[in-house]
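Trainee: Before I ask anything, here is the structure I am working with.
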Amino acid sequence: MNEQAQSQGMDNQPDEDQNIVTLIGTPNPGVVRGSRRRINEWFEKTAPVITWDTFDSPLGRVYIAITEQGLSNVEIGTSESEFLSRLDPMARTERNTSVVAPFTRQFREYFDHARSRFEMRLDFRKTTPFQQRVLETIRAIPAGTVWTYGQVAKAIGEPTASRAVGHALGTNPLLIVVPCHRVIGNDGTLRGYKAGLETKQKLLRLEGAPV
Amino acid sequence: MTIQRTDSTGRAMAHDTVGRFEDLIERHHDEIYAYVWRMLDGGYRDEGALEAADIVQDAFERAYRAFPRLHPDSNVRAWLYKIATNCTYTALKRHRPQTRLDANDSEERLGDPNPGPEQSVAYAEDVSAMHASISALPPNQRAALVMRYLQGLDYGEIAAALGSSEESARANVSHGLRRLRATLAAGIPESVE
């Protein structure tokens with residue numbers, strides 16, 4: 001091969017060049033399969049399944065989602081695509097009525113006045129530690145009664161944190177089950193609710209709270 | 001963002017993100033593994049194969065974290081090679097002392113082109129000199145050569161994977177080849193050609 005062809009590069013004689021580089025070798029198929037299996041197993045664990053379903057309630061359509069840890073999302077009066085867009089984007093989502101049925105049943109009983117407390121595992125992984133503390137605390141508020149934001153702040157041992165409590169409740173992913181609708185302003189006004197004030201009021205009336 | 005969109009049945013694309021990544025594993029795992037293995041000398045160092053699996057996993061984990069931000073029109077293959085290349089370089093840096101040793105070793109062998117009495121022994125030595133020369137290549141040249149000749153990437157893809165211009169990708173391939181040809185000329189008179 002002449003000097004010029006050599007300096008122009010490899011495309012003039014790809015076969016020979018390929019031969020040189022081939023010395024690097026090729027992994028054996030068993031090793032490649034092993035690595036592929038490992039990646040598939042990792043991905044199965046990384047992208048867990050979120051199962052969801054929807055049903056009609058006196059307050060409109062309710063959407064609920066569960067993970068292997070328990071209930072992870074509850075939304076009222078939203079659209080399906082909006083609900084799904086708020087689920088963990090790294091997970092597979094799958095609608096499955098029978099898997100979600102044990103959870104749905106408790107909601108139906110609640111709306112039929114046959115249940116005032118939910119008994120199910122809750123998935124708090126998408127909440128901050130502070131938010132989880134607030135949400136777990138307010139689960140103790142009995143149906144038919146209300147607390148103020150200040151009372152909740154006192155209950156978690158941070159009496160000056162009313163505003164932070166309000167924020168933690170405002171982003172509660174587990175509506176109804178974690179009863180943030182039972183927390184109202186110190187002056188007796190309803191303040192805010194993720195699914196709208198009208199829904200908050202209906203929920204409190206459904207529970208027989210004095211509002 | 002992908003996950004905000006819905007498909008024709010009104011289902012969010014979140015599900016699709018997972019499906020598309022599964023598809024990506026299915027289509028590209030084997031070549032990415034081979035690429036990393038080749039960068040690490042899996043054929044000549046036993047640890048190479050073991051390390052390759054760790055690096056491939058690291059690469060796919062990073063890829064999955066970045067996947068939602070990947071533009072739909074991007075060249076996914078080149079993008080994966082880029083991530084795998086970065087992970088591999090990090091691993092190579094960690095093992096630099098050993099890489100240095102190999103480089104010195106290769107220089108010694110190249111400086112002493114002593115053909116053995118028997119053809120087969122000479123051939124084995126030549127191959128090993130050739131291999132030493134390959135493993136002594138700067139990482140960018142080695143990566144470019146492997147991608148071009150063993151992984152079948154075009155120069156645009158190699159450039160994207162190396163984060164360089166296409167000219168620079170071509171230069172890496174031709175400089176790498178020139179070095180290897182020099183070894184070939186010095187150490188392997190006829191046996192390989």
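Quick note on naming: the chains in the structure tokens go A, B, ... in the order shown, residues restart at 1 in each chain, and ligands are numbered from 1 in order of appearance.
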Which residues of chain A are close to chain B, meaning at most 7 Å apart when you count only C-alpha atoms, and how do they look as a list in words?
Mentor: Gly9, Met10, Gln18, Val21, Leu23, Ile24, Gly25, Thr26, Pro27, Val32, Ser35, Arg36, Ile39, Ser81, Leu84, Ser85, Pro89, Met90, Ala91, Arg92 and Thr93 of chain A
Trainee: Would you pick out the contacts of range 155-162 of chain A at 12 Å or less, using only C-alpha atoms, so that residues sharing its chain but fewer than 4 positions from it are not included, and give the list as an mmCIF file with N, CA and C atoms, in the first residue's frame?
Mentor:
data_model
loop_
_atom_site.group_PDB
_atom_site.id
_atom_site.type_symbol
_atom_site.label_atom_id
_atom_site.label_comp_id
_atom_site.auth_asym_id
_atom_site.auth_seq_id
_atom_site.Cartn_x
_atom_site.Cartn_y
_atom_site.Cartn_z
ATOM 1 N N PHE A 130 -41.071 14.568 56.459
ATOM 2 C CA PHE A 130 -41.946 15.492 57.202
ATOM 3 C C PHE A 130 -43.401 15.286 56.791
ATOM 4 N N GLN A 131 -43.617 15.199 55.486
ATOM 5 C CA GLN A 131 -44.988 15.021 54.998
ATOM 6 C C GLN A 131 -45.577 13.710 55.517
ATOM 7 N N GLN A 132 -44.754 12.679 55.503
ATOM 8 C CA GLN A 132 -45.251 11.389 55.987
ATOM 9 C C GLN A 132 -45.658 11.480 57.463
ATOM 10 N N ARG A 133 -44.854 12.219 58.246
ATOM 11 C CA ARG A 133 -45.167 12.389 59.663
ATOM 12 C C ARG A 133 -46.530 13.081 59.811
ATOM 13 N N VAL A 134 -46.741 14.133 59.040
ATOM 14 C CA VAL A 134 -48.010 14.873 59.091
ATOM 15 C C VAL A 134 -49.166 13.965 58.681
ATOM 16 N N LEU A 135 -48.973 13.245 57.572
ATOM 17 C CA LEU A 135 -50.070 12.421 57.040
ATOM 18 C C LEU A 135 -50.424 11.295 58.009
ATOM 19 N N GLU A 136 -49.402 10.690 58.611
ATOM 20 C CA GLU A 136 -49.699 9.598 59.547
ATOM 21 C C GLU A 136 -50.394 10.127 60.801
ATOM 22 N N THR A 137 -50.016 11.335 61.194
ATOM 23 C CA THR A 137 -50.639 11.933 62.383
ATOM 24 C C THR A 137 -52.130 12.186 62.166
ATOM 25 N N ILE A 138 -52.476 12.737 61.000
ATOM 26 C CA ILE A 138 -53.887 13.096 60.807
ATOM 27 C C ILE A 138 -54.785 11.886 60.528
ATOM 28 N N ARG A 139 -54.173 10.728 60.345
ATOM 29 C CA ARG A 139 -55.022 9.536 60.193
ATOM 30 C C ARG A 139 -55.807 9.277 61.477
ATOM 31 N N ALA A 140 -55.321 9.865 62.589
ATOM 32 C CA ALA A 140 -55.974 9.647 63.882
ATOM 33 C C ALA A 140 -57.218 10.518 64.065
ATOM 34 N N ILE A 141 -57.442 11.482 63.169
ATOM 35 C CA ILE A 141 -58.625 12.346 63.325
ATOM 36 C C ILE A 141 -59.872 11.524 62.977
ATOM 37 N N TRP A 147 -59.888 19.044 62.740
ATOM 38 C CA TRP A 147 -58.792 19.699 63.449
ATOM 39 C C TRP A 147 -58.430 20.959 62.664
ATOM 40 N N THR A 148 -57.706 21.859 63.332
ATOM 41 C CA THR A 148 -57.157 23.005 62.596
ATOM 42 C C THR A 148 -55.701 22.698 62.221
ATOM 43 N N TYR A 149 -55.183 23.466 61.272
ATOM 44 C CA TYR A 149 -53.775 23.294 60.875
ATOM 45 C C TYR A 149 -52.867 23.460 62.092
ATOM 46 N N GLY A 150 -53.217 24.433 62.961
ATOM 47 C CA GLY A 150 -52.416 24.664 64.163
ATOM 48 C C GLY A 150 -52.405 23.452 65.079
ATOM 49 N N GLN A 151 -53.569 22.788 65.198
ATOM 50 C CA GLN A 151 -53.643 21.592 66.053
ATOM 51 C C GLN A 151 -52.738 20.479 65.520
ATOM 52 N N GLY A 166 -49.795 22.861 56.247
ATOM 53 C CA GLY A 166 -50.737 23.127 55.161
ATOM 54 C C GLY A 166 -50.199 22.661 53.826
ATOM 55 N N HIS A 167 -48.914 22.881 53.606
ATOM 56 C CA HIS A 167 -48.306 22.453 52.345
ATOM 57 C C HIS A 167 -48.275 20.926 52.255
ATOM 58 N N ALA A 168 -47.897 20.285 53.362
ATOM 59 C CA ALA A 168 -47.824 18.814 53.376
ATOM 60 C C ALA A 168 -49.199 18.210 53.074
ATOM 61 N N LEU A 169 -50.238 18.828 53.608
ATOM 62 C CA LEU A 169 -51.587 18.306 53.372
ATOM 63 C C LEU A 169 -52.059 18.615 51.958
ATOM 64 N N VAL A 183 -58.989 18.693 58.064
ATOM 65 C CA VAL A 183 -58.181 19.774 58.650
ATOM 66 C C VAL A 183 -58.618 21.093 58.024
ATOM 67 N N ILE A 184 -58.968 22.056 58.886
ATOM 68 C CA ILE A 184 -59.490 23.340 58.395
ATOM 69 C C ILE A 184 -58.745 24.504 59.062
ATOM 70 N N GLY A 185 -59.064 25.701 58.612
ATOM 71 C CA GLY A 185 -58.382 26.884 59.152
ATOM 72 C C GLY A 185 -58.742 27.145 60.613
ATOM 73 N N ASN A 186 -57.860 27.882 61.314
ATOM 74 C CA ASN A 186 -58.112 28.220 62.723
ATOM 75 C C ASN A 186 -59.396 29.022 62.885
#
Trainee: Suppose you want the space between CA of His71 in chain B and CA of Ala161 in chain B; what is it in Å?
Mentor: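 According to the coordinates, CA of His71 in chain B and CA of Ala161 in chain B are separated by 15.7 Å.
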Trainee: Let me make sure I understand: among A:Ile20, A:Gly30, A:Val152, A:Asp112, which one has the smallest atom-to-atom distance to Ser133 in chain B if we use only C-alpha atoms?
Mentor: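 Smallest distance to Ser133 in chain B is found for A:Ile20.
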Trainee: Could you pull out the residues in range 49-126 of chain A that DSSP calls strand (DSSP E) from the backbone, as a list of chain:residue names?
Mentor: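 Secondary structure check on range 49-126 of chain A, strand (DSSP E): A:Val49, A:Ile50, A:Thr51, A:Trp52, A:Asp53, A:Thr54, A:Phe55, A:Asp56, A:Ser57, A:Gly60, A:Arg61, A:Val62, A:Tyr63, A:Ile64, A:Ala65, A:Ile66, A:Thr67, A:Gly70, A:Leu71, A:Ser72, A:Asn73, A:Val74, A:Glu75, A:Ile76, A:Arg92, A:Thr93, A:Glu94, A:Arg95.
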Trainee: Find the residue from A:Pro58, A:Pro102, A:Gly34, A:Pro179 that sits nearest to Lys202 in chain A; use only C-alpha atoms when measuring.
Mentor: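 Looking at the shortest contact to Lys202 in chain A, the residue is A:Pro58.
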Trainee: Taking only C-alpha atoms into account, which of B:Ile83, B:Arg69, B:Ala144, B:Ala185 comes nearest Glu166 in chain B?
Mentor: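 Using only C-alpha atoms, the shortest distance to Glu166 in chain B belongs to B:Ala144.
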Trainee: From a DSSP calculation on the backbone, collect every residue of range 135-202 of chain A in helix (DSSP H, G or I) and output the set as a list in words.
Mentor: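 These are the residues in question: Leu135, Glu136, Thr137, Ile138, Tyr149, Gly150, Gln151, Val152, Ala153, Lys154, Ala155, Ser162, Arg163, Ala164, Val165, Gly166, His167, Ala168, Leu169, Gly170, Cys180, His181, Arg182, Leu197, Glu198, Thr199, Lys200, Gln201 and Lys202 of chain A.
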Trainee: When you draw a straight line from CA of Ala143 in chain A to CA of Leu204 in chain A, how long is it in Å?
Mentor: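 Between CA of Ala143 in chain A and CA of Leu204 in chain A the gap is 8.2 Å.
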